[in-house]
$ cat query.cif   # mmCIF, C-alpha atoms and all ligand atoms
data_target
#
loop_
_atom_site.label_atom_id
_atom_site.label_comp_id
_atom_site.auth_asym_id
_atom_site.auth_seq_id
_atom_site.Cartn_x
_atom_site.Cartn_y
_atom_site.Cartn_z
CA MET A 150 -15.70 22.58 21.41
CA ASP A 151 -13.22 20.09 20.14
CA ASP A 152 -12.05 19.12 23.61
CA ILE A 153 -12.88 15.67 24.84
CA SER A 154 -13.96 16.04 28.43
CA LEU A 155 -13.97 12.98 30.58
CA SER A 156 -17.15 14.20 32.25
CA GLY A 157 -18.79 13.63 28.88
CA LEU A 158 -20.32 17.08 28.81
CA THR A 159 -18.43 18.28 25.78
CA ALA A 160 -17.43 14.88 24.48
CA VAL A 161 -17.35 14.48 20.71
CA ASN A 162 -16.54 11.33 18.82
CA PRO A 163 -12.87 11.04 17.98
CA VAL A 164 -12.11 11.25 14.28
CA PRO A 165 -10.39 7.98 13.33
CA LEU A 166 -7.49 7.75 10.89
CA ALA A 167 -9.38 5.07 8.93
CA ASP A 168 -12.64 3.22 9.53
CA PRO A 169 -12.95 -0.06 7.60
CA ARG A 170 -16.06 -0.98 9.57
CA ALA A 171 -17.89 2.16 8.48
CA ASP A 172 -16.62 1.81 4.89
CA GLY A 173 -18.07 -1.71 4.73
CA ALA A 174 -21.32 -1.01 6.58
CA PRO A 175 -23.44 -0.29 3.47
CA LEU A 176 -22.29 -3.65 2.03
CA ARG A 177 -23.20 -5.66 5.13
CA GLU A 178 -26.02 -7.71 3.59
CA GLU A 179 -24.04 -8.47 0.42
CA ILE A 180 -21.01 -9.52 2.50
CA LEU A 181 -23.09 -11.79 4.74
CA ALA A 182 -24.66 -13.41 1.67
CA ALA A 183 -21.21 -14.01 0.16
CA ALA A 184 -19.97 -15.55 3.42
CA ALA A 185 -23.04 -17.81 3.62
CA ARG A 186 -22.48 -18.93 0.03
CA VAL A 187 -18.93 -20.06 0.92
CA LEU A 188 -19.98 -21.72 4.15
CA ASP A 189 -22.77 -23.67 2.44
CA ARG A 190 -20.69 -24.72 -0.53
CA GLY A 191 -18.21 -26.44 1.78
CA TRP A 192 -15.11 -25.80 -0.37
CA TYR A 193 -12.91 -23.44 1.63
CA VAL A 194 -9.50 -23.25 -0.06
CA LEU A 195 -8.78 -22.54 -3.75
CA GLY A 196 -12.24 -22.95 -5.21
CA THR A 197 -14.51 -20.96 -7.50
CA GLU A 198 -14.48 -17.77 -5.38
CA VAL A 199 -10.70 -17.35 -5.60
CA ALA A 200 -10.65 -18.32 -9.30
CA CYS A 201 -13.42 -15.81 -10.05
CA PHE A 202 -11.77 -13.01 -8.07
CA GLU A 203 -8.38 -13.70 -9.69
CA GLN A 204 -10.03 -13.53 -13.11
CA ARG A 205 -11.72 -10.20 -12.33
CA MET A 206 -8.45 -8.73 -11.05
CA ALA A 207 -6.62 -9.95 -14.16
CA GLU A 208 -9.22 -8.25 -16.39
CA ARG A 209 -9.08 -5.06 -14.35
CA LEU A 210 -5.28 -4.94 -14.67
CA GLY A 211 -5.11 -6.22 -18.24
CA VAL A 212 -2.72 -9.09 -17.45
CA PRO A 213 -3.01 -12.79 -18.36
CA GLY A 214 -3.45 -13.90 -14.77
CA THR A 215 -3.31 -13.09 -11.06
CA VAL A 216 -2.66 -15.35 -8.07
CA GLY A 217 -4.37 -14.88 -4.70
CA VAL A 218 -2.05 -15.35 -1.72
CA GLY A 219 -2.07 -15.00 2.06
CA SER A 220 -0.91 -11.37 2.45
CA GLY A 221 0.82 -8.48 0.74
CA THR A 222 4.11 -9.58 2.31
CA ASP A 223 3.68 -13.10 0.88
CA ALA A 224 2.85 -11.54 -2.50
CA LEU A 225 6.29 -9.89 -2.47
CA VAL A 226 8.02 -13.08 -1.27
CA LEU A 227 6.42 -15.21 -4.00
CA ALA A 228 7.13 -12.59 -6.69
CA LEU A 229 10.81 -12.52 -5.65
CA LEU A 230 10.97 -16.33 -5.75
CA ALA A 231 9.20 -16.45 -9.13
CA ALA A 232 11.69 -13.86 -10.44
CA GLY A 233 14.48 -16.27 -9.50
CA VAL A 234 15.87 -14.12 -6.67
CA GLY A 235 17.60 -16.12 -3.95
CA ALA A 236 20.04 -15.97 -1.06
CA GLY A 237 22.96 -13.63 -1.69
CA ASP A 238 21.25 -11.74 -4.53
CA GLU A 239 20.58 -8.02 -4.18
CA VAL A 240 17.21 -6.29 -4.48
CA ILE A 241 17.05 -2.51 -4.76
CA THR A 242 14.24 -0.68 -2.98
CA VAL A 243 13.63 2.35 -0.75
CA SER A 244 14.19 2.90 2.95
CA HIS A 245 11.08 5.12 3.15
CA THR A 246 8.43 2.38 2.96
CA ALA A 247 6.40 -0.01 5.07
CA GLY A 248 8.77 -2.47 6.76
CA PRO A 249 7.21 -5.52 5.01
CA THR A 250 8.61 -4.38 1.62
CA VAL A 251 12.09 -5.03 2.96
CA ALA A 252 11.18 -7.87 5.34
CA ALA A 253 10.06 -9.84 2.25
CA ILE A 254 13.55 -9.47 0.74
CA ARG A 255 15.10 -10.78 3.96
CA MET A 256 12.65 -13.71 4.13
CA ILE A 257 14.26 -15.24 1.06
CA GLY A 258 17.80 -14.47 2.27
CA ALA A 259 18.48 -11.73 -0.29
CA THR A 260 20.23 -8.42 0.47
CA PRO A 261 18.13 -5.23 0.42
CA VAL A 262 19.88 -2.27 -1.23
CA LEU A 263 18.23 0.82 0.19
CA ILE A 264 18.09 4.08 -1.75
CA ASP A 265 16.51 7.50 -1.27
CA VAL A 266 13.12 8.82 -2.40
CA GLU A 267 12.06 11.93 -4.30
CA ALA A 268 11.12 14.90 -2.12
CA ASP A 269 7.77 15.52 -3.84
CA THR A 270 6.22 12.10 -4.60
CA TYR A 271 8.01 10.23 -1.74
CA CYS A 272 8.68 7.38 -4.19
CA LEU A 273 11.98 5.88 -5.35
CA ASP A 274 14.39 8.48 -6.76
CA PRO A 275 15.40 7.11 -10.17
CA ALA A 276 18.57 9.25 -10.13
CA MET A 277 19.87 6.98 -7.34
CA LEU A 278 19.30 3.75 -9.26
CA GLU A 279 22.29 3.51 -11.57
CA GLY A 280 24.78 3.94 -8.73
CA ALA A 281 23.00 1.28 -6.67
CA ALA A 282 22.84 -1.47 -9.30
CA GLY A 283 25.65 -4.00 -9.35
CA SER A 284 26.48 -7.47 -10.66
CA ARG A 285 24.47 -9.12 -7.87
CA THR A 286 21.32 -7.02 -8.46
CA LYS A 287 18.43 -9.28 -9.46
CA ALA A 288 15.34 -7.11 -8.95
CA ILE A 289 13.96 -3.68 -8.09
CA ILE A 290 10.92 -3.32 -5.86
CA ALA A 291 9.17 -0.06 -6.81
CA VAL A 292 6.81 1.03 -4.02
CA HIS A 293 3.80 3.14 -5.04
CA LEU A 294 3.79 4.83 -1.67
CA TYR A 295 0.61 6.32 -0.18
CA GLY A 296 -1.14 5.64 -3.51
CA HIS A 297 1.13 7.69 -5.80
CA PRO A 298 2.80 5.71 -8.60
CA ALA A 299 6.60 5.35 -8.54
CA PRO A 300 8.40 6.53 -11.74
CA LEU A 301 8.18 3.19 -13.52
CA GLY A 302 9.27 4.45 -16.94
CA VAL A 303 12.82 5.20 -15.76
CA ILE A 304 12.89 2.16 -13.48
CA ALA A 305 11.82 -0.23 -16.25
CA ALA A 306 14.38 1.21 -18.69
CA LEU A 307 17.23 0.67 -16.22
CA ALA A 308 15.96 -2.79 -15.33
CA ALA A 309 15.86 -3.76 -19.01
CA ARG A 310 19.47 -2.56 -19.48
CA HIS A 311 20.62 -4.67 -16.54
CA GLY A 312 18.34 -7.62 -17.30
CA ILE A 313 16.66 -7.54 -13.87
CA ALA A 314 13.07 -7.90 -12.73
CA VAL A 315 10.72 -5.05 -11.78
CA ILE A 316 8.38 -5.89 -8.91
CA GLU A 317 5.71 -3.32 -8.09
CA ASP A 318 4.65 -3.00 -4.45
CA CYS A 319 1.02 -1.98 -5.07
CA ALA A 320 -0.13 -2.55 -1.47
CA GLN A 321 -1.20 1.09 -1.15
CA ALA A 322 -1.96 1.70 -4.80
CA GLN A 323 -4.86 -0.45 -6.06
CA ASP A 324 -6.11 1.36 -9.21
CA ALA A 325 -3.34 3.99 -9.30
CA ALA A 326 -2.14 4.60 -12.86
CA ILE A 327 0.59 6.17 -14.98
CA ASP A 328 -0.49 7.60 -18.35
CA GLY A 329 -3.67 5.53 -18.12
CA ARG A 330 -1.85 2.27 -17.38
CA THR A 331 -2.83 0.64 -14.10
CA VAL A 332 -0.01 -0.11 -11.68
CA GLY A 333 0.63 -3.80 -11.17
CA ALA A 334 0.51 -4.36 -14.94
CA ILE A 335 3.62 -2.37 -15.89
CA GLY A 336 6.48 -4.23 -14.19
CA HIS A 337 7.03 -8.00 -14.35
CA PHE A 338 5.04 -8.54 -11.13
CA GLY A 339 2.49 -6.51 -9.16
CA CYS A 340 2.01 -7.24 -5.45
CA PHE A 341 -1.23 -6.29 -3.72
CA SER A 342 -2.36 -6.36 -0.08
CA PHE A 343 -5.95 -6.69 1.12
CA TYR A 344 -5.14 -5.70 4.71
CA PRO A 345 -8.37 -4.09 5.99
CA THR A 346 -7.23 -0.45 5.70
CA LYS A 347 -5.87 -0.72 2.16
CA ASN A 348 -7.98 0.67 -0.67
CA LEU A 349 -9.41 -2.79 -1.38
CA GLY A 350 -9.60 -4.35 2.07
CA ALA A 351 -10.62 -7.83 3.23
CA ILE A 352 -11.96 -8.80 6.64
CA GLY A 353 -8.57 -10.15 7.61
CA ASP A 354 -5.36 -10.77 5.70
CA GLY A 355 -5.04 -11.39 1.99
CA GLY A 356 -2.86 -10.56 -0.98
CA LEU A 357 -2.43 -11.11 -4.71
CA VAL A 358 0.33 -11.18 -7.32
CA SER A 359 -0.20 -10.19 -10.93
CA ALA A 360 2.20 -11.19 -13.68
CA ARG A 361 2.48 -10.14 -17.32
CA ASP A 362 3.99 -13.47 -18.38
CA VAL A 363 1.78 -16.60 -18.29
CA LYS A 364 4.76 -18.72 -17.29
CA ASN A 365 5.18 -16.56 -14.20
CA VAL A 366 1.48 -16.92 -13.37
CA GLU A 367 1.92 -20.68 -13.46
CA ARG A 368 5.10 -20.50 -11.36
CA LEU A 369 3.33 -18.37 -8.73
CA ARG A 370 0.47 -20.90 -8.54
CA GLN A 371 3.02 -23.63 -7.86
CA LEU A 372 4.91 -21.58 -5.28
CA ARG A 373 1.79 -20.84 -3.23
CA THR A 374 1.00 -24.57 -2.90
CA TYR A 375 4.15 -26.32 -1.66
CA GLY A 376 5.93 -26.08 -5.01
CA TRP A 377 3.60 -28.70 -6.48
CA THR A 378 3.61 -28.93 -10.27
CA ARG A 379 0.90 -31.60 -10.06
CA PRO A 380 -0.99 -32.95 -7.07
CA GLN A 381 1.32 -34.18 -4.29
CA PHE A 382 4.41 -33.70 -6.46
CA ALA A 383 6.84 -30.97 -5.27
CA GLU A 384 9.13 -29.91 -8.07
CA ILE A 385 9.70 -26.17 -7.51
CA PRO A 386 12.06 -25.39 -4.61
CA ASN A 387 10.96 -22.97 -1.85
CA GLY A 388 7.25 -23.68 -2.28
CA ARG A 389 5.06 -22.18 0.46
CA CYS A 390 1.58 -22.50 1.82
CA SER A 391 0.12 -19.07 1.16
CA ARG A 392 -3.34 -18.79 -0.36
CA LEU A 393 -6.12 -16.27 -0.40
CA ASP A 394 -9.02 -18.18 1.14
CA GLU A 395 -12.49 -18.59 -0.36
CA LEU A 396 -14.19 -16.50 2.32
CA GLN A 397 -11.95 -13.47 1.79
CA ALA A 398 -12.16 -13.85 -2.01
CA ALA A 399 -15.98 -13.86 -1.87
CA ILE A 400 -15.98 -10.74 0.34
CA LEU A 401 -13.38 -9.01 -1.85
CA SER A 402 -15.58 -9.67 -4.90
CA VAL A 403 -18.38 -7.72 -3.21
CA LYS A 404 -15.99 -4.90 -2.31
CA LEU A 405 -14.56 -4.78 -5.83
CA ASP A 406 -18.01 -3.79 -7.15
CA HIS A 407 -17.81 -0.62 -5.06
CA LEU A 408 -14.13 0.21 -5.46
CA ASP A 409 -14.40 2.87 -8.19
CA ARG A 410 -16.81 4.92 -6.11
CA GLN A 411 -14.63 4.60 -3.02
CA VAL A 412 -11.47 5.66 -4.84
CA GLU A 413 -13.34 8.67 -6.26
CA ARG A 414 -14.40 9.56 -2.72
CA ARG A 415 -10.76 9.33 -1.52
CA ARG A 416 -9.67 11.65 -4.32
CA ALA A 417 -12.46 14.14 -3.55
CA LEU A 418 -11.57 14.24 0.16
CA ALA A 419 -7.88 14.72 -0.71
CA ARG A 420 -8.75 17.60 -3.04
CA LEU A 421 -10.77 19.29 -0.29
CA TYR A 422 -7.89 19.00 2.20
CA THR A 423 -5.37 20.35 -0.29
CA GLU A 424 -7.58 23.35 -1.12
CA ALA A 425 -8.30 24.05 2.53
CA PHE A 426 -4.59 24.02 3.47
CA ALA A 427 -3.40 26.13 0.52
CA ALA A 428 -2.45 29.17 2.61
CA LEU A 429 -0.89 27.24 5.50
CA PRO A 430 2.82 26.46 5.99
CA ILE A 431 2.36 22.75 5.30
CA VAL A 432 3.21 20.68 2.24
CA CYS A 433 0.31 18.70 0.79
CA PRO A 434 0.67 15.59 -1.39
CA ILE A 435 1.17 16.22 -5.08
CA GLU A 436 -0.11 14.33 -8.09
CA ARG A 437 2.56 14.35 -10.77
CA SER A 438 1.35 15.04 -14.30
CA GLY A 439 0.18 11.83 -16.00
CA CYS A 440 -0.19 10.08 -12.63
CA HIS A 441 -3.40 8.96 -10.96
CA HIS A 442 -3.07 9.10 -7.14
CA VAL A 443 -5.46 6.92 -5.11
CA TYR A 444 -4.77 8.39 -1.63
CA CYS A 445 -4.53 5.26 0.46
CA LEU A 446 -2.93 7.68 2.93
CA TYR A 447 -3.09 11.49 2.97
CA VAL A 448 0.33 12.54 4.19
CA ILE A 449 1.29 16.17 4.82
CA ARG A 450 4.61 17.65 5.89
CA SER A 451 5.22 20.25 8.58
CA ARG A 452 8.28 21.59 10.37
CA GLU A 453 6.08 21.64 13.48
CA ARG A 454 4.90 18.07 13.01
CA ASP A 455 5.06 16.92 16.63
CA ALA A 456 3.29 19.99 18.04
CA LEU A 457 0.64 19.76 15.31
CA ALA A 458 0.05 16.06 16.03
CA GLN A 459 -0.35 16.82 19.75
CA HIS A 460 -2.77 19.65 19.01
CA LEU A 461 -4.88 17.36 16.82
CA GLU A 462 -4.85 14.61 19.42
CA ARG A 463 -6.17 17.05 22.03
CA ALA A 464 -8.90 17.98 19.55
CA GLY A 465 -9.92 14.31 19.30
CA ILE A 466 -8.39 13.75 15.88
CA MET A 467 -6.25 10.68 15.27
CA THR A 468 -3.16 11.04 13.13
CA GLY A 469 -0.53 8.55 11.98
CA LEU A 470 3.15 8.37 11.06
CA HIS A 471 3.92 6.46 7.86
CA TYR A 472 6.57 5.78 8.79
CA PRO A 473 8.23 6.86 12.05
CA PHE A 474 11.35 4.69 11.53
CA PRO A 475 12.95 4.45 8.09
CA VAL A 476 13.98 0.89 7.29
CA HIS A 477 17.69 1.74 7.59
CA GLU A 478 17.07 2.64 11.24
CA GLN A 479 15.33 -0.64 12.13
CA PRO A 480 17.99 -3.02 13.46
CA ALA A 481 16.59 -6.29 12.12
CA LEU A 482 16.23 -4.94 8.58
CA ALA A 483 19.22 -2.58 8.46
CA ALA A 484 21.76 -5.16 9.65
CA ALA A 485 21.58 -7.12 6.40
CA ALA A 486 21.13 -4.15 4.04
CA ARG A 487 23.57 -2.36 1.77
CA ILE A 488 23.22 1.40 1.64
CA PRO A 489 25.09 2.78 -1.36
CA GLY A 490 24.40 6.51 -0.87
CA PRO A 491 22.95 9.17 1.39
CA LEU A 492 19.32 8.85 2.54
CA ALA A 493 18.91 12.57 3.18
CA VAL A 494 15.29 12.92 1.99
CA THR A 495 14.27 9.75 3.84
CA ASP A 496 15.78 11.10 7.06
CA TRP A 497 14.05 14.48 7.02
CA LEU A 498 10.73 13.01 5.89
CA ALA A 499 10.68 10.86 9.01
CA ARG A 500 10.73 14.06 11.09
CA GLU A 501 8.12 16.02 9.12
CA ILE A 502 5.45 13.64 7.79
CA LEU A 503 2.00 13.35 9.33
CA THR A 504 -0.92 11.25 8.10
CA LEU A 505 -4.37 12.84 8.40
CA PRO A 506 -7.69 10.95 8.60
CA LEU A 507 -9.03 9.97 5.17
CA TYR A 508 -11.32 7.06 4.29
CA PRO A 509 -14.20 6.71 1.82
CA SER A 510 -17.05 6.93 4.34
CA MET A 511 -15.49 9.84 6.27
CA PRO A 512 -18.33 12.24 7.14
CA ALA A 513 -17.98 15.79 5.81
CA ALA A 514 -18.36 17.08 9.37
CA TYR A 515 -15.29 15.07 10.41
CA GLN A 516 -13.22 16.53 7.63
CA THR A 517 -14.35 20.02 8.64
CA ARG A 518 -13.18 19.30 12.19
CA VAL A 519 -9.75 18.25 10.93
CA VAL A 520 -9.45 21.33 8.71
CA ASP A 521 -10.59 23.68 11.48
CA ALA A 522 -8.20 22.13 14.00
CA VAL A 523 -5.23 22.37 11.61
CA ARG A 524 -6.08 26.02 10.86
CA ALA A 525 -6.48 26.78 14.56
CA PHE A 526 -3.04 25.32 15.26
CA PHE A 527 -1.31 27.59 12.76
CA ALA A 528 -3.40 30.62 13.78
CA SER A 529 -2.28 30.21 17.40
CA SER A 530 1.32 29.35 16.56
CA ARG A 531 1.53 32.51 14.46
CA ALA A 532 -0.01 34.62 17.18
CA ALA A 533 2.46 33.21 19.73
C1 LIG A 601 0.61 -3.09 3.79
C2 LIG A 601 1.86 -3.07 3.02
C3 LIG A 601 2.61 -4.24 2.78
C4 LIG A 601 2.30 -5.55 3.45
O1 LIG A 601 1.02 -6.04 3.22
P1 LIG A 601 0.42 -7.13 4.27
O2 LIG A 601 -0.83 -7.58 3.61
O3 LIG A 601 0.18 -6.40 5.55
O4 LIG A 601 1.42 -8.22 4.41
C5 LIG A 601 3.72 -4.16 1.96
N1 LIG A 601 4.10 -2.99 1.40
C6 LIG A 601 3.43 -1.83 1.61
C7 LIG A 601 3.89 -0.59 0.95
C8 LIG A 601 2.30 -1.84 2.44
O5 LIG A 601 1.64 -0.69 2.66
#

$ encode --input "query.cif" --output "structure tokens"
Amino acid sequence: MDDISLSGLTAVNPVPLADPRADGAPLREEILAAAARVLDRGWYVLGTEVACFEQRMAERLGVPGTVGVGSGTDALVLALLAAGVGAGDEVITVSHTAGPTVAAIRMIGATPVLIDVEADTYCLDPAMLEGAAGSRTKAIIAVHLYGHPAPLGVIAALAARHGIAVIEDCAQAQDAAIDGRTVGAIGHFGCFSFYPTKNLGAIGDGGLVSARDVKNVERLRQLRTYGWTRPQFAEIPNGRCSRLDELQAAILSVKLDHLDRQVERRRALARLYTEAFAALPIVCPIERSGCHHVYCLYVIRSRERDALAQHLERAGIMTGLHYPFPVHEQPALAAAARIPGPLAVTDWLAREILTLPLYPSMPAAYQTRVVDAVRAFFASSRAA
């Protein structure tokens, strides 16, 4: 029944990995009204919509200020610049992440130092940190991968000892928390992405940096507008042009009103998957005690990953690989990196991970199809 026949006789809709259009459909009228408000006001860059959205995000995070920028990648670049990181400095992060985490380090001419991740949370392994830090280390980028918080307690303690900055890559972790503290408000900087499939998604690109120090908030504002400290007066080196625009900010304000419900829905869907797969030979995501996982991506592990992915594709179910190539295997990023130790977990994860469909408006019937198809795969592979 799951087969897609080209004749159309048994065709069923494919189950997408994510569906930002469907997630936003109930908000259509509100979004159109917000867009019309911006269009009619006639002020399109850095106006009241961005200021209002930045204020709401600052309150949500409990920080003195946030700064809307052009993308999640730019958020990381501006945070690195604001932290005083420059060419020749080293920044420690993981190889098992989205390429942009490391591309941002290269964009300012710094050297990425790539370390391994933990086998259960897939986030930075703090045991690898001490051996990776050196006299040139200026910052650590902690990635809250898939929506699970990285172990910031240990990371922050080491950073304090070495006098270096902690930058949180929160692109996949809007509203994730550790012991009730929201990520993005724990390190010196929090970097967010509003790419459409992130938990808080725009209708295009967008990003935001949070900072716990008001001086850093001010510095970030200057960096996003040509390094100007007052109109038409560039004083801060390396200033960029990278701003969240009014239209996206107005739309994000609408989406923010519905975020809690959508995150709850992600968590409920994740729970259902994990229960349904309990008896199968696959590893489901964990939520470490004290951590609040927001399931931007639901990533399982299987020794038979490739065969399982093919089986699901034949059943009309889209899957993803986050990520197929660790950073240390991507020529443009690896060439400039320093790799102080083995990346054993990173290497085997790349062979076993598989991302299953999960998004707030995912119909229950779709999730049942995914569960049934996964069960059918293991039933037949056992019988074989
Ligand atoms: C999406 C993402 C980024 C980049 O965000 P963009 O808005 O696409 O530039 C950076 N880091 C991680 C972990 C991401 O998932």

$ closest_atom_pairs --input "query.cif" --of "chain A" --to "ligand LIG 601 (chain A)" --cutoff "7 Å" --atoms "only C-alpha atoms and all ligand atoms" --output "JSON lines"
{"residue": "A:Ser220", "atom": "CA", "partner": "A:LIG601", "partner_atom": "O2", "distance": 4.0}
{"residue": "A:Gly221", "atom": "CA", "partner": "A:LIG601", "partner_atom": "O2", "distance": 3.4}
{"residue": "A:Thr222", "atom": "CA", "partner": "A:LIG601", "partner_atom": "O4", "distance": 3.7}
{"residue": "A:Asp223", "atom": "CA", "partner": "A:LIG601", "partner_atom": "O4", "distance": 6.4}
{"residue": "A:Thr246", "atom": "CA", "partner": "A:LIG601", "partner_atom": "C7", "distance": 5.8}
{"residue": "A:Ala247", "atom": "CA", "partner": "A:LIG601", "partner_atom": "C7", "distance": 4.9}
{"residue": "A:Pro249", "atom": "CA", "partner": "A:LIG601", "partner_atom": "C5", "distance": 4.8}
{"residue": "A:Thr250", "atom": "CA", "partner": "A:LIG601", "partner_atom": "N1", "distance": 4.7}
{"residue": "A:Val292", "atom": "CA", "partner": "A:LIG601", "partner_atom": "C7", "distance": 6.0}
{"residue": "A:Leu294", "atom": "CA", "partner": "A:LIG601", "partner_atom": "C7", "distance": 6.0}
{"residue": "A:Asp318", "atom": "CA", "partner": "A:LIG601", "partner_atom": "N1", "distance": 5.9}
{"residue": "A:Cys319", "atom": "CA", "partner": "A:LIG601", "partner_atom": "C7", "distance": 6.8}
{"residue": "A:Ala320", "atom": "CA", "partner": "A:LIG601", "partner_atom": "C8", "distance": 4.7}
{"residue": "A:Gln321", "atom": "CA", "partner": "A:LIG601", "partner_atom": "O5", "distance": 5.1}
{"residue": "A:Ser342", "atom": "CA", "partner": "A:LIG601", "partner_atom": "O2", "distance": 4.2}
{"residue": "A:Phe343", "atom": "CA", "partner": "A:LIG601", "partner_atom": "O2", "distance": 5.8}
{"residue": "A:Tyr344", "atom": "CA", "partner": "A:LIG601", "partner_atom": "O2", "distance": 4.8}
{"residue": "A:Asp354", "atom": "CA", "partner": "A:LIG601", "partner_atom": "O2", "distance": 5.9}
{"residue": "A:Gly355", "atom": "CA", "partner": "A:LIG601", "partner_atom": "O2", "distance": 5.9}
{"residue": "A:Gly356", "atom": "CA", "partner": "A:LIG601", "partner_atom": "O2", "distance": 5.8}

$ residues_around --input "query.cif" --residues "Ala417 in chain A" --least-positions-apart "5" --cutoff "10 Å" --atoms "all atoms listed in the file" --output "count of residues only"
6

$ axis_aligned_box --input "query.cif" --around "range 242-246 of chain A" --padding-each-side "6 Å" --output "AutoDock Vina command-line options"
--center_x 11.3 --center_y 2.2 --center_z 0.1 --size_x 17.8 --size_y 17.8 --size_z 18.1

$ atom_distance --input "query.cif" --atom1 "CA of Ala281 in chain A" --atom2 "CA of Pro489 in chain A"
5.9 Å

$ residues_around --input "query.cif" --residues "range 361-374 of chain A" --least-positions-apart "5" --cutoff "9 Å" --atoms "all atoms listed in the file" --output "PyMOL selection string"
chain A and resi 211-219+223+227-228+230-232+334-339+379+383-392

$ write_last_selection --input "query.cif" --atoms "C-alpha atoms" --output "short mmCIF file (atom, residue, chain, number, x, y, z; two decimals), in the frame of the given file"
data_model
loop_
_atom_site.label_atom_id
_atom_site.label_comp_id
_atom_site.auth_asym_id
_atom_site.auth_seq_id
_atom_site.Cartn_x
_atom_site.Cartn_y
_atom_site.Cartn_z
CA GLY A 211 -5.11 -6.22 -18.24
CA VAL A 212 -2.72 -9.09 -17.45
CA PRO A 213 -3.01 -12.79 -18.36
CA GLY A 214 -3.45 -13.90 -14.77
CA THR A 215 -3.31 -13.09 -11.06
CA VAL A 216 -2.66 -15.35 -8.07
CA GLY A 217 -4.37 -14.88 -4.70
CA VAL A 218 -2.05 -15.35 -1.72
CA GLY A 219 -2.07 -15.00 2.06
CA ASP A 223 3.68 -13.10 0.88
CA LEU A 227 6.42 -15.21 -4.00
CA ALA A 228 7.13 -12.59 -6.69
CA LEU A 230 10.97 -16.33 -5.75
CA ALA A 231 9.20 -16.45 -9.13
CA ALA A 232 11.69 -13.86 -10.44
CA ALA A 334 0.51 -4.36 -14.94
CA ILE A 335 3.62 -2.37 -15.89
CA GLY A 336 6.48 -4.23 -14.19
CA HIS A 337 7.03 -8.00 -14.35
CA PHE A 338 5.04 -8.54 -11.13
CA GLY A 339 2.49 -6.51 -9.16
CA ARG A 379 0.90 -31.60 -10.06
CA ALA A 383 6.84 -30.97 -5.27
CA GLU A 384 9.13 -29.91 -8.07
CA ILE A 385 9.70 -26.17 -7.51
CA PRO A 386 12.06 -25.39 -4.61
CA ASN A 387 10.96 -22.97 -1.85
CA GLY A 388 7.25 -23.68 -2.28
CA ARG A 389 5.06 -22.18 0.46
CA CYS A 390 1.58 -22.50 1.82
CA SER A 391 0.12 -19.07 1.16
CA ARG A 392 -3.34 -18.79 -0.36
#

$ atom_distance --input "query.cif" --atom1 "CA of Glu267 in chain A" --atom2 "CA of Leu457 in chain A"
24.0 Å

$ decode --input "query.cif" --residues "range 443-451 of chain A" --atoms "N, CA, C and O atoms" --output "tab-separated table (two decimals), in the first residue's frame"
chain	number	residue	atom	x	y	z
A	443	VAL	N	14.60	20.05	21.86
A	443	VAL	CA	13.52	20.65	21.07
A	443	VAL	C	13.35	20.01	19.68
A	443	VAL	O	12.54	20.47	18.88
A	444	TYR	N	14.09	18.93	19.41
A	444	TYR	CA	13.86	18.09	18.23
A	444	TYR	C	13.68	18.87	16.93
A	444	TYR	O	12.70	18.69	16.21
A	445	CYS	N	14.66	19.73	16.64
A	445	CYS	CA	14.70	20.33	15.30
A	445	CYS	C	14.81	19.22	14.27
A	445	CYS	O	14.20	19.28	13.20
A	446	LEU	N	15.59	18.19	14.62
A	446	LEU	CA	15.75	17.01	13.76
A	446	LEU	C	15.63	15.78	14.65
A	446	LEU	O	16.18	15.74	15.74
A	447	TYR	N	14.92	14.75	14.14
A	447	TYR	CA	14.82	13.48	14.85
A	447	TYR	C	15.75	12.49	14.16
A	447	TYR	O	15.46	12.01	13.07
A	448	VAL	N	16.89	12.25	14.80
A	448	VAL	CA	17.95	11.46	14.17
A	448	VAL	C	18.12	10.13	14.88
A	448	VAL	O	18.37	10.10	16.09
A	449	ILE	N	17.94	9.04	14.13
A	449	ILE	CA	18.15	7.70	14.70
A	449	ILE	C	19.48	7.16	14.19
A	449	ILE	O	20.11	7.75	13.30
A	450	ARG	N	19.89	6.01	14.76
A	450	ARG	CA	21.10	5.35	14.29
A	450	ARG	C	20.79	3.90	13.99
A	450	ARG	O	20.06	3.25	14.76
A	451	SER	N	21.33	3.39	12.88
A	451	SER	CA	21.14	1.99	12.53
A	451	SER	C	22.36	1.48	11.80
A	451	SER	O	22.92	2.18	10.96
